[in-house]
Number of protein chains: 2
Amino acid sequence: MKIERLSAKAEDYLETILRLSETPRGARTGDIAEALDVQPSTVSAALKSLKDQGLLDYSPYGAVGLTPKGRQVAEDVSGRHVALRRFFTETLGLAQEDAEVTACGMEHDVTPLVLDRMALLGDFLRNHPGMAEKWSAVRATAKGERAPGVESGLHELPQGVRGVVMAVDVDGSLRKRLVEMGVTPGVLIAVERVAPLGDPIAVEVRGYRLSMRKAEASKIRVKWRPGLI
Amino acid sequence: MKIERLSAKAEDYLETILRLSETPRGARTGDIAEALDVQPSTVSAALKSLKDQGLLDYSPYGAVGLTPKGRQVAEDVSGRHVALRRFFTETLGLAQEDAEVTACGMEHDVTPLVLDRMALLGDFLRNHPGMAEKWSAVRATAKGERAPGVESGLHELPQGVRGVVMAVDVDGSLRKRLVEMGVTPGVLIAVERVAPLGDPIAVEVRGYRLSMRKAEASKIRVKWRPGLI
DNA sequence: TCGAATTGTTGGAGACTTCAAACAATATCA
DNA sequence: TGATATTGTTTGAAGTCTCCAACAATTCGA
Ligand SMILES: [Mn+2]
Ligand SMILES: [Mn+2]
Ligand SMILES: [Mn+2]
Ligand SMILES: [Mn+2]
């Protein structure tokens, strides 16, 4: 069995033919040309070549159909396309059209392992309570859009996002120290930098930079603010 | 200013030349050929073409160097390559070599927006305490490898991963109900299905399927078990 | 320094993808 | 049904990417 990798173009022709085959009109030369933004004469040449490779049933002026082998390739390509598009829209939050174009470009090189991991990551985010919302808020914030009113410990405030201090849930000397540093309800706060090992973190408040341990930061409740710093 | 998109191959030549330029040996025809797995004569042809496009400084038998314009393209391609590789290794947990090959294939179609979102997602996971570890455990589990000994509420147990019940942190009638259903420390448990809106969730214990609310599930501490269900 | 080994280029060719123009088949409608 | 409009193919040509074989330049040892 030959495992000659088909070219990206050949894969696109098969994918398009599969999609059009499922419409009442069937796959017609002109429609394929339109879908792939090439001239009909180019499609004619492609059809002949794909037929010679045993991927299409086709005779001039006749209907275009996939052979079992061609269908298998087409469904494989289509599966990669759909999996990528899903990752781009549902996990990365891209617009349908951006996702569509990029997916169709990358589908020819992506490996099954990468697709598996992307799907796994998407499920992971969606299955963790609160995570999907926070991730969505991070995206919105990065885009400069209004972030939903997410609240979290300061240690969870993404870098580049400002927060408003809502409460400082500690007592004793630590509270006193934080208050002295100006960490009081209502003040704007941001995470400047996270040390490579994650602890301590640098925080900016009232124009000053403070350093605190992650455990301390987690005691400070903040509300995320729209817009980047 | 022409914004003719360069072909994927042309981008690969420029990227390779940039990389080799930074070595003491410089970019030599043979080395480029070796790096791209083509014959030296193919490289000669490519060099001439790239020179004609104003991307290379080069004369036959002479040293190969990038023009400012060529360097700009090369650094852009290289940036996309590195960003993708980083996402594949650090976020998706792929092996270096898989990441390398796939990145070099996809780098020619990926858009800046997609790269931004991938980086944002990676930072998001790493900046959330405990998330990176859990995600890493999910990946290991999916691969059938030993998962680190992650513990969480049952509501956070990924679908497809088994857990061992460690404790049922409730009292009263709910506790009684759970014990009657067989949810006791030491028993194997798994999340079967999460309803579209996340609540309730279907759980499998001792061969039976139970349904419970997410709030209830969160009271059941589980330790993740290696291997898929 | 000079001959041999290494390295790089040229020339010729084929596969692939595309187009425009000319031509052929099919579909539509009067 | 026959003329016309639409659709699809063929032909000829170009650009890209690749190879092999032959040739040319450069480098390296003796
Ligand atoms: Mn495609
Ligand atoms: Mn596609
Ligand atoms: Mn590449
Ligand atoms: Mn690359």
# chains A, B, ... in the order shown; residues from 1 in each chain; ligands from 1
$ residues_near_ligand --ligand "ligand 3" --cutoff "10 Å" --atoms "only C-alpha atoms (C1' of nucleotides) and all ligand atoms" --output "ChimeraX atom specification"
/B:7-16,36,77-78,80-81,100-109
$ write_last_selection --atoms "C-alpha atoms" --output "CSV table (one decimal), in the first residue's frame"
chain,number,residue,atom,x,y,z
B,7,SER,CA,5.6,30.5,-0.8
B,8,ALA,CA,6.1,28.1,2.1
B,9,LYS,CA,9.3,26.9,0.5
B,10,ALA,CA,10.7,30.3,0.1
B,11,GLU,CA,9.9,31.1,3.7
B,12,ASP,CA,11.7,27.9,4.7
B,13,TYR,CA,14.8,28.8,2.7
B,14,LEU,CA,14.9,32.3,4.4
B,15,GLU,CA,14.4,30.8,7.8
B,16,THR,CA,17.1,28.3,7.4
B,36,LEU,CA,16.0,21.3,4.0
B,77,VAL,CA,8.9,33.2,9.9
B,78,SER,CA,11.2,32.1,12.7
B,80,ARG,CA,6.0,32.0,14.1
B,81,HIS,CA,8.0,28.7,14.2
B,100,GLU,CA,9.6,20.9,15.6
B,101,VAL,CA,8.2,19.2,12.5
B,102,THR,CA,4.6,20.2,13.0
B,103,ALA,CA,5.6,23.8,13.8
B,104,CYS,CA,7.6,24.1,10.6
B,105,GLY,CA,4.7,22.8,8.6
B,106,MET,CA,2.0,25.0,10.1
B,107,GLU,CA,4.1,28.2,10.5
B,108,HIS,CA,3.3,29.3,7.0
B,109,ASP,CA,-0.4,29.5,7.5
$ select_by_dssp --residues "stretch 43-228 of chain B" --states "strand (DSSP E)" --output "MDAnalysis selection string"
chainID B and resid 56:57 65:66 151:153 161:168 188:194 201:205 208:212 220:228
$ residues_around --residues "C:DA25" --least-positions-apart "5" --cutoff "9 Å" --atoms "only C-alpha atoms (C1' of nucleotides)" --output "PDB file with all heavy atoms, in the first residue's frame"
ATOM      1  N   TYR A  61     -17.537  15.777 -18.583  1.00  0.00           N
ATOM      2  CA  TYR A  61     -18.922  16.263 -18.614  1.00  0.00           C
ATOM      3  C   TYR A  61     -19.843  15.468 -17.689  1.00  0.00           C
ATOM      4  O   TYR A  61     -21.029  15.751 -17.603  1.00  0.00           O
ATOM      5  CB  TYR A  61     -19.489  16.260 -20.041  1.00  0.00           C
ATOM      6  CG  TYR A  61     -18.709  17.153 -20.977  1.00  0.00           C
ATOM      7  CD1 TYR A  61     -17.782  16.616 -21.869  1.00  0.00           C
ATOM      8  CD2 TYR A  61     -18.889  18.532 -20.935  1.00  0.00           C
ATOM      9  CE1 TYR A  61     -17.055  17.431 -22.708  1.00  0.00           C
ATOM     10  CE2 TYR A  61     -18.154  19.345 -21.774  1.00  0.00           C
ATOM     11  CZ  TYR A  61     -17.248  18.804 -22.663  1.00  0.00           C
ATOM     12  OH  TYR A  61     -16.524  19.606 -23.486  1.00  0.00           O
TER      13      TYR A  61
ATOM     14  P    DT D   7     -23.970  28.281 -15.596  1.00  0.00           P
ATOM     15  OP1  DT D   7     -24.766  27.927 -14.409  1.00  0.00           O
ATOM     16  OP2  DT D   7     -23.063  29.443 -15.610  1.00  0.00           O
ATOM     17  O5'  DT D   7     -23.108  27.001 -16.020  1.00  0.00           O
ATOM     18  C5'  DT D   7     -23.790  25.793 -16.343  1.00  0.00           C
ATOM     19  C4'  DT D   7     -22.795  24.816 -16.928  1.00  0.00           C
ATOM     20  O4'  DT D   7     -22.409  25.227 -18.261  1.00  0.00           O
ATOM     21  C3'  DT D   7     -21.492  24.699 -16.133  1.00  0.00           C
ATOM     22  O3'  DT D   7     -21.388  23.351 -15.722  1.00  0.00           O
ATOM     23  C2'  DT D   7     -20.407  25.116 -17.109  1.00  0.00           C
ATOM     24  C1'  DT D   7     -21.067  24.897 -18.463  1.00  0.00           C
ATOM     25  N1   DT D   7     -20.575  25.748 -19.583  1.00  0.00           N
ATOM     26  C2   DT D   7     -20.150  25.139 -20.748  1.00  0.00           C
ATOM     27  O2   DT D   7     -20.139  23.948 -20.910  1.00  0.00           O
ATOM     28  N3   DT D   7     -19.735  26.005 -21.721  1.00  0.00           N
ATOM     29  C4   DT D   7     -19.708  27.386 -21.663  1.00  0.00           C
ATOM     30  O4   DT D   7     -19.333  28.049 -22.619  1.00  0.00           O
ATOM     31  C5   DT D   7     -20.170  27.956 -20.420  1.00  0.00           C
ATOM     32  C7   DT D   7     -20.172  29.445 -20.244  1.00  0.00           C
ATOM     33  C6   DT D   7     -20.573  27.124 -19.441  1.00  0.00           C
ATOM     34  P    DG D   8     -20.112  22.777 -14.934  1.00  0.00           P
ATOM     35  OP1  DG D   8     -20.539  21.577 -14.191  1.00  0.00           O
ATOM     36  OP2  DG D   8     -19.453  23.903 -14.260  1.00  0.00           O
ATOM     37  O5'  DG D   8     -19.166  22.294 -16.120  1.00  0.00           O
ATOM     38  C5'  DG D   8     -19.586  21.194 -16.926  1.00  0.00           C
ATOM     39  C4'  DG D   8     -18.463  20.839 -17.875  1.00  0.00           C
ATOM     40  O4'  DG D   8     -18.316  21.911 -18.839  1.00  0.00           O
ATOM     41  C3'  DG D   8     -17.096  20.656 -17.212  1.00  0.00           C
ATOM     42  O3'  DG D   8     -16.566  19.407 -17.661  1.00  0.00           O
ATOM     43  C2'  DG D   8     -16.281  21.840 -17.702  1.00  0.00           C
ATOM     44  C1'  DG D   8     -16.939  22.167 -19.024  1.00  0.00           C
ATOM     45  N9   DG D   8     -16.819  23.536 -19.503  1.00  0.00           N
ATOM     46  C8   DG D   8     -17.114  24.700 -18.842  1.00  0.00           C
ATOM     47  N7   DG D   8     -16.902  25.783 -19.556  1.00  0.00           N
ATOM     48  C5   DG D   8     -16.439  25.289 -20.767  1.00  0.00           C
ATOM     49  C6   DG D   8     -16.041  25.978 -21.950  1.00  0.00           C
ATOM     50  O6   DG D   8     -16.026  27.179 -22.161  1.00  0.00           O
ATOM     51  N1   DG D   8     -15.629  25.074 -22.933  1.00  0.00           N
ATOM     52  C2   DG D   8     -15.616  23.713 -22.809  1.00  0.00           C
ATOM     53  N2   DG D   8     -15.187  23.010 -23.864  1.00  0.00           N
ATOM     54  N3   DG D   8     -15.983  23.064 -21.725  1.00  0.00           N
ATOM     55  C4   DG D   8     -16.383  23.914 -20.746  1.00  0.00           C
ATOM     56  P    DT D   9     -15.098  18.938 -17.324  1.00  0.00           P
ATOM     57  OP1  DT D   9     -15.147  17.485 -17.083  1.00  0.00           O
ATOM     58  OP2  DT D   9     -14.506  19.827 -16.328  1.00  0.00           O
ATOM     59  O5'  DT D   9     -14.371  19.165 -18.726  1.00  0.00           O
ATOM     60  C5'  DT D   9     -14.906  18.521 -19.878  1.00  0.00           C
ATOM     61  C4'  DT D   9     -13.993  18.757 -21.063  1.00  0.00           C
ATOM     62  O4'  DT D   9     -14.016  20.164 -21.410  1.00  0.00           O
ATOM     63  C3'  DT D   9     -12.531  18.386 -20.845  1.00  0.00           C
ATOM     64  O3'  DT D   9     -12.125  17.609 -21.959  1.00  0.00           O
ATOM     65  C2'  DT D   9     -11.816  19.734 -20.761  1.00  0.00           C
ATOM     66  C1'  DT D   9     -12.703  20.631 -21.614  1.00  0.00           C
ATOM     67  N1   DT D   9     -12.713  22.064 -21.250  1.00  0.00           N
ATOM     68  C2   DT D   9     -12.372  22.999 -22.187  1.00  0.00           C
ATOM     69  O2   DT D   9     -12.044  22.718 -23.322  1.00  0.00           O
ATOM     70  N3   DT D   9     -12.437  24.308 -21.750  1.00  0.00           N
ATOM     71  C4   DT D   9     -12.803  24.747 -20.499  1.00  0.00           C
ATOM     72  O4   DT D   9     -12.827  25.950 -20.223  1.00  0.00           O
ATOM     73  C5   DT D   9     -13.142  23.711 -19.558  1.00  0.00           C
ATOM     74  C7   DT D   9     -13.544  24.085 -18.171  1.00  0.00           C
ATOM     75  C6   DT D   9     -13.086  22.439 -19.968  1.00  0.00           C
TER      76       DT D   9
END
$ closest_residue --among "B:Val191, B:Leu94, B:Leu154, B:Leu84" --to "ligand 4" --atoms "only C-alpha atoms and all ligand atoms"
B:Leu84
$ atom_distance --atom1 "atom CA of B:Leu92" --atom2 "atom CA of A:Met118"
7.1 Å
$ closest_atom_pairs --of "chain D" --to "stretch 9-16 of chain C" --cutoff "12 Å" --atoms "only C-alpha atoms (C1' of nucleotides)" --output "JSON lines"
{"residue": "D:DG15", "atom": "C1'", "partner": "C:DC16", "partner_atom": "C1'", "distance": 10.5}
{"residue": "D:DT16", "atom": "C1'", "partner": "C:DC16", "partner_atom": "C1'", "distance": 8.6}
{"residue": "D:DC17", "atom": "C1'", "partner": "C:DC16", "partner_atom": "C1'", "distance": 8.8}
{"residue": "D:DT18", "atom": "C1'", "partner": "C:DA15", "partner_atom": "C1'", "distance": 8.4}
{"residue": "D:DC19", "atom": "C1'", "partner": "C:DA13", "partner_atom": "C1'", "distance": 8.5}
{"residue": "D:DC20", "atom": "C1'", "partner": "C:DA13", "partner_atom": "C1'", "distance": 9.1}
{"residue": "D:DA21", "atom": "C1'", "partner": "C:DG11", "partner_atom": "C1'", "distance": 9.3}
{"residue": "D:DA22", "atom": "C1'", "partner": "C:DT10", "partner_atom": "C1'", "distance": 8.5}
{"residue": "D:DC23", "atom": "C1'", "partner": "C:DT10", "partner_atom": "C1'", "distance": 7.6}
{"residue": "D:DA24", "atom": "C1'", "partner": "C:DT9", "partner_atom": "C1'", "distance": 7.3}
{"residue": "D:DA25", "atom": "C1'", "partner": "C:DT9", "partner_atom": "C1'", "distance": 9.0}
$ write_last_selection --atoms "N, CA and C atoms (P, O5', C5', C4', C3', O3' and C1' of nucleotides)" --output "JSON list (two decimals), in the first residue's frame"
[["chain", "number", "residue", "atom", "x", "y", "z"],
["D", 15, "DG", "P", 6.84, 33.24, -16.22],
["D", 15, "DG", "O5'", 6.57, 32.49, -14.84],
["D", 15, "DG", "C5'", 5.42, 32.85, -14.06],
["D", 15, "DG", "C4'", 5.42, 32.01, -12.80],
["D", 15, "DG", "C3'", 6.80, 31.89, -12.14],
["D", 15, "DG", "O3'", 6.62, 32.01, -10.74],
["D", 15, "DG", "C1'", 5.95, 29.74, -12.65],
["D", 16, "DT", "P", 7.92, 32.04, -9.79],
["D", 16, "DT", "O5'", 7.86, 30.62, -9.05],
["D", 16, "DT", "C5'", 6.62, 30.17, -8.57],
["D", 16, "DT", "C4'", 6.76, 28.76, -8.06],
["D", 16, "DT", "C3'", 8.08, 28.47, -7.32],
["D", 16, "DT", "O3'", 7.73, 27.91, -6.08],
["D", 16, "DT", "C1'", 7.62, 26.80, -8.92],
["D", 17, "DC", "P", 8.80, 27.76, -4.93],
["D", 17, "DC", "O5'", 9.28, 26.24, -5.09],
["D", 17, "DC", "C5'", 8.36, 25.20, -4.81],
["D", 17, "DC", "C4'", 8.99, 23.90, -5.28],
["D", 17, "DC", "C3'", 10.43, 23.68, -4.81],
["D", 17, "DC", "O3'", 10.45, 22.57, -3.92],
["D", 17, "DC", "C1'", 10.12, 23.09, -7.09],
["D", 18, "DT", "P", 11.74, 22.18, -3.11],
["D", 18, "DT", "O5'", 12.41, 21.06, -4.00],
["D", 18, "DT", "C5'", 11.79, 19.81, -4.13],
["D", 18, "DT", "C4'", 12.20, 19.11, -5.40],
["D", 18, "DT", "C3'", 13.68, 18.81, -5.57],
["D", 18, "DT", "O3'", 14.05, 17.70, -4.78],
["D", 18, "DT", "C1'", 12.61, 19.33, -7.64],
["D", 19, "DC", "P", 15.56, 17.30, -4.55],
["D", 19, "DC", "O5'", 15.92, 16.42, -5.84],
["D", 19, "DC", "C5'", 15.10, 15.31, -6.18],
["D", 19, "DC", "C4'", 15.48, 14.85, -7.58],
["D", 19, "DC", "C3'", 16.97, 14.55, -7.73],
["D", 19, "DC", "O3'", 17.19, 13.15, -7.72],
["D", 19, "DC", "C1'", 16.15, 15.93, -9.54],
["D", 20, "DC", "P", 18.68, 12.56, -7.66],
["D", 20, "DC", "O5'", 19.21, 12.62, -9.16],
["D", 20, "DC", "C5'", 18.44, 12.02, -10.20],
["D", 20, "DC", "C4'", 19.19, 12.22, -11.51],
["D", 20, "DC", "C3'", 20.68, 11.88, -11.46],
["D", 20, "DC", "O3'", 21.01, 11.25, -12.69],
["D", 20, "DC", "C1'", 20.41, 14.13, -12.13],
["D", 21, "DA", "P", 22.38, 10.41, -12.78],
["D", 21, "DA", "O5'", 23.18, 11.26, -13.88],
["D", 21, "DA", "C5'", 22.44, 11.84, -14.94],
["D", 21, "DA", "C4'", 23.32, 12.78, -15.72],
["D", 21, "DA", "C3'", 24.82, 12.47, -15.68],
["D", 21, "DA", "O3'", 25.36, 12.79, -16.95],
["D", 21, "DA", "C1'", 24.45, 14.63, -14.82],
["D", 22, "DA", "P", 26.89, 12.51, -17.30],
["D", 22, "DA", "O5'", 27.43, 14.00, -17.50],
["D", 22, "DA", "C5'", 26.70, 14.86, -18.37],
["D", 22, "DA", "C4'", 27.23, 16.26, -18.25],
["D", 22, "DA", "C3'", 28.77, 16.36, -18.28],
["D", 22, "DA", "O3'", 29.14, 17.42, -19.14],
["D", 22, "DA", "C1'", 27.94, 17.43, -16.35],
["D", 23, "DC", "P", 30.71, 17.68, -19.49],
["D", 23, "DC", "O5'", 30.98, 19.00, -18.63],
["D", 23, "DC", "C5'", 30.09, 20.11, -18.80],
["D", 23, "DC", "C4'", 30.33, 21.08, -17.68],
["D", 23, "DC", "C3'", 31.79, 21.53, -17.53],
["D", 23, "DC", "O3'", 31.82, 22.94, -17.64],
["D", 23, "DC", "C1'", 30.83, 21.03, -15.44],
["D", 24, "DA", "P", 33.28, 23.69, -17.75],
["D", 24, "DA", "O5'", 33.32, 24.53, -16.40],
["D", 24, "DA", "C5'", 32.19, 25.31, -16.04],
["D", 24, "DA", "C4'", 32.45, 25.90, -14.66],
["D", 24, "DA", "C3'", 33.88, 26.40, -14.46],
["D", 24, "DA", "O3'", 33.78, 27.67, -13.84],
["D", 24, "DA", "C1'", 33.32, 24.84, -12.77],
["D", 25, "DA", "P", 35.04, 28.59, -13.63],
["D", 25, "DA", "O5'", 35.16, 28.60, -12.04],
["D", 25, "DA", "C5'", 34.03, 29.01, -11.29],
["D", 25, "DA", "C4'", 34.26, 28.67, -9.84],
["D", 25, "DA", "C3'", 35.57, 29.21, -9.27],
["D", 25, "DA", "O3'", 35.20, 30.06, -8.19],
["D", 25, "DA", "C1'", 35.30, 26.90, -8.76]]
$ interface_residues --of "chain A" --to "chain D" --cutoff "10 Å" --atoms "only C-alpha atoms (C1' of nucleotides)" --output "PDB file with C-alpha atoms, in the first residue's frame"
ATOM      1  CA  ARG A  28     -19.748  20.294 -10.270  1.00  0.00           C
ATOM      2  CA  THR A  29     -16.669  21.706 -11.938  1.00  0.00           C
ATOM      3  CA  GLY A  30     -17.864  25.292 -11.652  1.00  0.00           C
ATOM      4  CA  PRO A  40     -12.718  25.908 -14.161  1.00  0.00           C
ATOM      5  CA  SER A  41      -9.935  24.793 -16.475  1.00  0.00           C
ATOM      6  CA  VAL A  43     -10.373  22.082 -11.922  1.00  0.00           C
ATOM      7  CA  SER A  44     -10.601  19.996 -15.088  1.00  0.00           C
ATOM      8  CA  ALA A  45      -6.898  19.308 -14.891  1.00  0.00           C
ATOM      9  CA  PRO A  60     -15.648  14.338 -18.894  1.00  0.00           C
ATOM     10  CA  TYR A  61     -18.922  16.263 -18.614  1.00  0.00           C
ATOM     11  CA  GLY A  62     -20.102  13.641 -16.163  1.00  0.00           C
TER      12      GLY A  62
END
$ select_by_dssp --residues "stretch 71-143 of chain B" --states "alpha helix (DSSP H)" --output "ChimeraX atom specification"
/B:71-86,96-106,112-127,131-142
$ closest_residue --among "A:Asp116, A:Asp171, A:Asp76, A:Glu180" --to "ligand 1" --atoms "only C-alpha atoms and all ligand atoms"
A:Asp76
$ interface_residues --of "chain A" --to "chain C" --cutoff "8 Å" --atoms "only C-alpha atoms (C1' of nucleotides)" --output "MDAnalysis selection string"
chainID A and resid 38:39 42 61
$ write_last_selection --atoms "N, CA and C atoms" --output "PDB file, in the first residue's frame"
ATOM      1  N   VAL A  38     -10.295  29.110  -8.076  1.00  0.00           N
ATOM      2  CA  VAL A  38      -9.448  28.891  -9.256  1.00  0.00           C
ATOM      3  C   VAL A  38     -10.365  28.862 -10.484  1.00  0.00           C
ATOM      4  N   GLN A  39      -9.760  28.801 -11.656  1.00  0.00           N
ATOM      5  CA  GLN A  39     -10.542  28.769 -12.885  1.00  0.00           C
ATOM      6  C   GLN A  39     -11.053  27.358 -13.149  1.00  0.00           C
ATOM      7  N   THR A  42      -8.651  24.847 -14.463  1.00  0.00           N
ATOM      8  CA  THR A  42      -7.734  24.282 -13.465  1.00  0.00           C
ATOM      9  C   THR A  42      -8.376  23.071 -12.797  1.00  0.00           C
ATOM     10  N   TYR A  61     -17.537  15.777 -18.583  1.00  0.00           N
ATOM     11  CA  TYR A  61     -18.922  16.263 -18.614  1.00  0.00           C
ATOM     12  C   TYR A  61     -19.843  15.468 -17.689  1.00  0.00           C
TER      13      TYR A  61
END
$ residues_around --residues "B:Arg193" --least-positions-apart "4" --cutoff "7 Å" --atoms "only C-alpha atoms (C1' of nucleotides)" --output "ChimeraX atom specification"
/B:159,201-202
$ residues_around --residues "B:Arg177" --least-positions-apart "5" --cutoff "12 Å" --atoms "only C-alpha atoms (C1' of nucleotides)" --output "PyMOL selection string"
chain B and resi 168+170-172+182-184+210-212+216
$ write_last_selection --atoms "N, CA and C atoms" --output "CSV table (one decimal), in the first residue's frame"
chain,number,residue,atom,x,y,z
B,168,VAL,N,-15.5,11.8,51.9
B,168,VAL,CA,-16.7,12.3,51.6
B,168,VAL,C,-17.0,13.4,52.6
B,170,VAL,N,-19.1,15.5,53.8
B,170,VAL,CA,-20.4,16.1,54.1
B,170,VAL,C,-21.0,15.3,55.3
B,171,ASP,N,-22.1,15.9,55.8
B,171,ASP,CA,-22.7,15.2,56.9
B,171,ASP,C,-24.2,15.1,56.5
B,172,GLY,N,-24.9,14.5,57.5
B,172,GLY,CA,-26.4,14.4,57.4
B,172,GLY,C,-26.9,13.5,56.3
B,182,GLY,N,-22.9,3.8,47.6
B,182,GLY,CA,-21.6,3.1,47.5
B,182,GLY,C,-20.4,4.0,47.3
B,183,VAL,N,-20.7,5.3,47.6
B,183,VAL,CA,-19.5,6.2,47.5
B,183,VAL,C,-18.8,6.3,48.8
B,184,THR,N,-17.9,5.4,49.0
B,184,THR,CA,-17.1,5.3,50.3
B,184,THR,C,-15.6,5.3,50.0
B,210,LEU,N,-24.7,6.9,38.7
B,210,LEU,CA,-25.5,7.8,39.5
B,210,LEU,C,-25.4,9.2,38.9
B,211,SER,N,-26.4,10.0,39.3
B,211,SER,CA,-26.4,11.4,38.9
B,211,SER,C,-26.4,12.2,40.1
B,212,MET,N,-25.5,13.2,40.1
B,212,MET,CA,-25.5,14.1,41.2
B,212,MET,C,-25.2,15.5,40.8
B,216,GLU,N,-22.7,18.7,45.0
B,216,GLU,CA,-22.5,17.5,45.8
B,216,GLU,C,-21.2,16.8,45.4
$ closest_atom_pairs --of "chain B" --to "chain A" --cutoff "8 Å" --atoms "only C-alpha atoms" --output "Markdown table"
| residue | atom | partner | partner_atom | distance |
| --- | --- | --- | --- | --- |
| B:Phe88 | CA | A:Val114 | CA | 7.6 |
| B:Leu92 | CA | A:Arg117 | CA | 5.9 |
| B:Leu94 | CA | A:Val114 | CA | 7.8 |
| B:Thr102 | CA | A:Val110 | CA | 6.2 |
| B:Gly105 | CA | A:Asp109 | CA | 5.4 |
| B:Met106 | CA | A:Met106 | CA | 5.3 |
| B:Asp109 | CA | A:Gly105 | CA | 5.4 |
| B:Val110 | CA | A:Thr102 | CA | 6.2 |
| B:Thr111 | CA | A:Thr102 | CA | 7.1 |
| B:Val114 | CA | A:Leu92 | CA | 7.6 |
| B:Arg117 | CA | A:Leu92 | CA | 5.9 |
| B:Met118 | CA | A:Leu92 | CA | 7.1 |
| B:Leu120 | CA | A:Arg139 | CA | 7.7 |
| B:Leu121 | CA | A:Trp135 | CA | 7.6 |
| B:Phe124 | CA | A:Pro158 | CA | 6.7 |
| B:Asn127 | CA | A:Glu156 | CA | 6.6 |
| B:His128 | CA | A:Glu156 | CA | 5.6 |
| B:Pro129 | CA | A:Glu156 | CA | 7.4 |
| B:Trp135 | CA | A:Phe124 | CA | 7.2 |
| B:Val138 | CA | A:Phe124 | CA | 7.9 |
| B:Arg139 | CA | A:Arg117 | CA | 7.6 |
| B:His155 | CA | A:His128 | CA | 7.6 |
| B:Glu156 | CA | A:His128 | CA | 5.6 |
| B:Pro158 | CA | A:Phe124 | CA | 6.7 |
| B:Val194 | CA | A:Asn127 | CA | 7.8 |
| B:Gly198 | CA | A:Asn127 | CA | 7.8 |
$ write_last_selection --atoms "C-alpha atoms" --output "PDB file, in the first residue's frame"
ATOM      1  CA  PHE B  88       3.260  22.455  21.255  1.00  0.00           C
ATOM      2  CA  LEU B  92       0.330  20.683  24.652  1.00  0.00           C
ATOM      3  CA  LEU B  94       4.559  17.337  22.835  1.00  0.00           C
ATOM      4  CA  THR B 102       4.640  20.214  12.981  1.00  0.00           C
ATOM      5  CA  GLY B 105       4.691  22.768   8.593  1.00  0.00           C
ATOM      6  CA  MET B 106       2.047  24.995  10.135  1.00  0.00           C
ATOM      7  CA  ASP B 109      -0.443  29.544   7.521  1.00  0.00           C
ATOM      8  CA  VAL B 110      -0.816  30.502  11.171  1.00  0.00           C
ATOM      9  CA  THR B 111      -1.962  34.069  11.822  1.00  0.00           C
ATOM     10  CA  VAL B 114      -3.872  32.575  16.595  1.00  0.00           C
ATOM     11  CA  ARG B 117      -4.214  33.348  21.696  1.00  0.00           C
ATOM     12  CA  MET B 118      -2.004  30.291  22.004  1.00  0.00           C
ATOM     13  CA  LEU B 120      -2.251  33.747  26.162  1.00  0.00           C
ATOM     14  CA  LEU B 121      -3.699  30.307  26.830  1.00  0.00           C
ATOM     15  CA  PHE B 124      -3.228  31.416  31.619  1.00  0.00           C
ATOM     16  CA  ASN B 127      -0.398  31.313  36.060  1.00  0.00           C
ATOM     17  CA  HIS B 128      -3.251  29.479  37.685  1.00  0.00           C
ATOM     18  CA  PRO B 129      -2.022  27.659  40.734  1.00  0.00           C
ATOM     19  CA  TRP B 135      -3.414  19.610  32.950  1.00  0.00           C
ATOM     20  CA  VAL B 138      -4.673  14.813  32.291  1.00  0.00           C
ATOM     21  CA  ARG B 139      -2.160  14.527  29.461  1.00  0.00           C
ATOM     22  CA  HIS B 155     -16.335  17.608  39.967  1.00  0.00           C
ATOM     23  CA  GLU B 156     -12.815  18.292  38.695  1.00  0.00           C
ATOM     24  CA  PRO B 158     -11.583  14.796  33.967  1.00  0.00           C
ATOM     25  CA  VAL B 194     -21.285  16.212  32.092  1.00  0.00           C
ATOM     26  CA  GLY B 198     -22.516  21.383  33.522  1.00  0.00           C
TER      27      GLY B 198
END
$ atom_distance --atom1 "atom CA of A:Ala190" --atom2 "atom CA of B:Ser136"
27.5 Å
$ residues_around --residues "A:Val164" --least-positions-apart "5" --cutoff "9 Å" --atoms "only C-alpha atoms (C1' of nucleotides)" --output "list in words"
Pro185, Gly186, Val187, Leu188, Ile189, Ala190, Arg221, Val222, Lys223, Trp224 and Arg225 of chain A
